[in-house]
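Okay, structure first, notes after.
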Amino acid sequence: MSDDTDNMELRREMVGICRRMNASGINQGTAGNLSVRSGSGFLITPSSLPYETMQPEDLVEMDFDGTYVGRRPSSEWRFHRDILKNRPDVNVVLHCHSIYATTLAVHHKTIPSFHYMTGVAGGTTIRCSKYATFGTQALSDHALEALQDRLACLLGQHGQISLGKTLESALWLAIEVETISRMYVQALTLGEPPILPDDEMERVIAQMKRMSYGHAPDPEGVNDVAKPRAPKH
């Protein structure tokens, strides 16, 4: 398969993920943006173009020096560039204004380990960054700080960022962050919930890494009840 064919397929997949962001309810209108590492640079969604009318050729090619080819890139290109440049462990940056995550972000509330699923972001908390004007280098700097050793963060008075190795994993995580945020908002109506201790969260995160959270079975011998057996003939 040629590089051009690969590039077009990636562009089509990006457009599909963008439309699923809106269909899933984690994004609205032209808010939010998406980028994917590609070649020596990255592809990013253009500025102010509704996802339902976006076409693969509308996606913008950017280099890490900030130059681009095609339409004007998303106003948030700086944090997309800086995250991909500083995080070789991820290939995708997804940003959206999901309702419950943003509700917490406007109060600058970090999500604690009130529920074990907080661990999907890679730590005992999902941090909330400091506020900075959208599209600025200050916002990018704050996002990088909040994302240290994490795959997701809230942006103060703004929204959320979720990272992934693939487009599918980044979308999955963004939906999980929104779900966790909704649970936390609702739990707070009863008061501050109890927090799982760090040693338990360490076990949870280790278990998630072992299992790739639902995508692989326990290592052989870990579970002494569920064991494979030969098929009956």
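Identifiers in this document derive from the order of the structure tokens: chains are assigned A, B, ..., residues are numbered from 1 separately in each chain, and ligands are numbered from 1 in order of occurrence.
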*asked:* Which residues are near segment 140-148 of chain A? Cut-off 10 Å, only C-alpha atoms, ignore same chain within fewer than 6 positions. Put them as a VMD selection string.
replied: chain A and resid 76 to 83 86 to 87 110 121 to 123 126 to 134 154 to 156 160 to 163
If you keep C-alpha atoms, can you produce a file of those selected residues as a PDB file, in the first residue's frame?
ATOM      1  CA  GLU A  76      -5.656  24.510  19.683  1.00  0.00           C
ATOM      2  CA  TRP A  77      -2.844  23.236  17.423  1.00  0.00           C
ATOM      3  CA  ARG A  78      -0.227  24.244  20.002  1.00  0.00           C
ATOM      4  CA  PHE A  79      -1.185  21.695  22.637  1.00  0.00           C
ATOM      5  CA  HIS A  80      -1.656  19.020  19.963  1.00  0.00           C
ATOM      6  CA  ARG A  81       1.853  19.718  18.679  1.00  0.00           C
ATOM      7  CA  ASP A  82       3.434  19.908  22.112  1.00  0.00           C
ATOM      8  CA  ILE A  83       1.765  16.761  23.440  1.00  0.00           C
ATOM      9  CA  ASN A  86       6.740  15.388  24.215  1.00  0.00           C
ATOM     10  CA  ARG A  87       4.798  12.122  24.476  1.00  0.00           C
ATOM     11  CA  THR A 110      -9.364  17.151  39.958  1.00  0.00           C
ATOM     12  CA  ALA A 121      -6.090   7.608  32.872  1.00  0.00           C
ATOM     13  CA  GLY A 122      -2.953   6.003  34.281  1.00  0.00           C
ATOM     14  CA  GLY A 123      -2.881   7.306  37.849  1.00  0.00           C
ATOM     15  CA  ILE A 126      -7.436  12.788  36.645  1.00  0.00           C
ATOM     16  CA  ARG A 127      -5.905  16.198  37.128  1.00  0.00           C
ATOM     17  CA  CYS A 128      -7.437  19.542  36.195  1.00  0.00           C
ATOM     18  CA  SER A 129      -5.040  22.048  34.644  1.00  0.00           C
ATOM     19  CA  LYS A 130      -4.835  25.730  35.401  1.00  0.00           C
ATOM     20  CA  TYR A 131      -6.906  28.026  33.197  1.00  0.00           C
ATOM     21  CA  ALA A 132      -5.379  29.842  30.237  1.00  0.00           C
ATOM     22  CA  THR A 133      -6.893  31.501  27.157  1.00  0.00           C
ATOM     23  CA  PHE A 134      -7.741  28.992  24.433  1.00  0.00           C
ATOM     24  CA  LEU A 154      -9.374  18.214  32.477  1.00  0.00           C
ATOM     25  CA  LEU A 155      -8.623  21.735  31.257  1.00  0.00           C
ATOM     26  CA  GLY A 156      -9.586  24.436  33.742  1.00  0.00           C
ATOM     27  CA  GLN A 160     -10.955  17.551  28.574  1.00  0.00           C
ATOM     28  CA  ILE A 161      -8.028  15.973  26.707  1.00  0.00           C
ATOM     29  CA  SER A 162      -7.664  12.226  26.177  1.00  0.00           C
ATOM     30  CA  LEU A 163      -4.663  10.514  24.588  1.00  0.00           C
TER      31      LEU A 163
END
*Could you write out, as number ranges by chain, all the residues of segment 12-230 of chain A that DSSP marks as strand (DSSP E or B)?*
A: 33-38, 41-44, 46, 60-62, 68-69, 73, 92-96, 111, 126, 128, 152-155, 159-164
*atom CA of Leu84 of chain A and atom CA of Ser35 of chain A, how far apart in Å?*
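Interatomic distance here is 8.8 Å.
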*Out of A:His97, A:His115, A:Arg203, A:Arg71, which residue has the shortest atom-to-atom distance to Glu178 of chain A when counting only C-alpha atoms?*
A:His97
_Could you check the closest approach to Ile111 of chain A for each of A:Thr53, A:Thr179, A:Thr45, A:Asn91 and tell me which residue wins, using only C-alpha atoms?_
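Nearest candidate to Ile111 of chain A out of A:Thr53, A:Thr179, A:Thr45, A:Asn91: A:Thr179.
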*Record the distance separating atom CA of Ile99 of chain A and atom CA of Ile26 of chain A, expressed in Å with one decimal.*
7.0 Å
_According to DSSP computed on the backbone, where in segment 33-226 of chain A is there alpha helix (DSSP H)? Give the residues as a ChimeraX atom specification._
/A:77-86,99-106,137-146,167-188,198-211
_Just want the 9 Å neighbourhood of Gly70 of chain A, counted on only C-alpha atoms, with same-chain residues fewer than 6 positions away dropped. Output as number ranges by chain._
A: 46, 57-61
*Find the spatial neighbours of segment 172-175 of chain A, counting only C-alpha atoms, within a cut-off of 10 Å - ignore same-chain residues fewer than 2 positions away - and output them as a PyMOL selection string.*
chain A and resi 21+24-26+94-96+98+101+120-121+151-153+160-164+166-170+177-181
*Near-Phe64 of chain A list (8 Å; only C-alpha atoms; drop same-chain fewer than 3 positions) as number ranges by chain*: A: 41-42, 67, 81, 85
Could you write out that same residue set with N, CA and C atoms as an mmCIF file, in the first residue's frame?
data_model
loop_
_atom_site.group_PDB
_atom_site.id
_atom_site.type_symbol
_atom_site.label_atom_id
_atom_site.label_comp_id
_atom_site.auth_asym_id
_atom_site.auth_seq_id
_atom_site.Cartn_x
_atom_site.Cartn_y
_atom_site.Cartn_z
ATOM 1 N N GLY A 41 5.302 14.543 10.959
ATOM 2 C CA GLY A 41 4.465 15.563 11.586
ATOM 3 C C GLY A 41 3.171 14.964 12.085
ATOM 4 N N PHE A 42 2.069 15.677 11.867
ATOM 5 C CA PHE A 42 0.775 15.164 12.311
ATOM 6 C C PHE A 42 -0.344 15.770 11.474
ATOM 7 N N THR A 67 4.442 24.951 11.036
ATOM 8 C CA THR A 67 4.012 25.237 9.669
ATOM 9 C C THR A 67 2.977 24.206 9.237
ATOM 10 N N ARG A 81 0.442 19.829 19.061
ATOM 11 C CA ARG A 81 1.853 19.718 18.679
ATOM 12 C C ARG A 81 2.722 19.365 19.879
ATOM 13 N N LYS A 85 4.812 15.952 20.496
ATOM 14 C CA LYS A 85 6.266 16.121 20.513
ATOM 15 C C LYS A 85 6.880 15.575 21.791
#
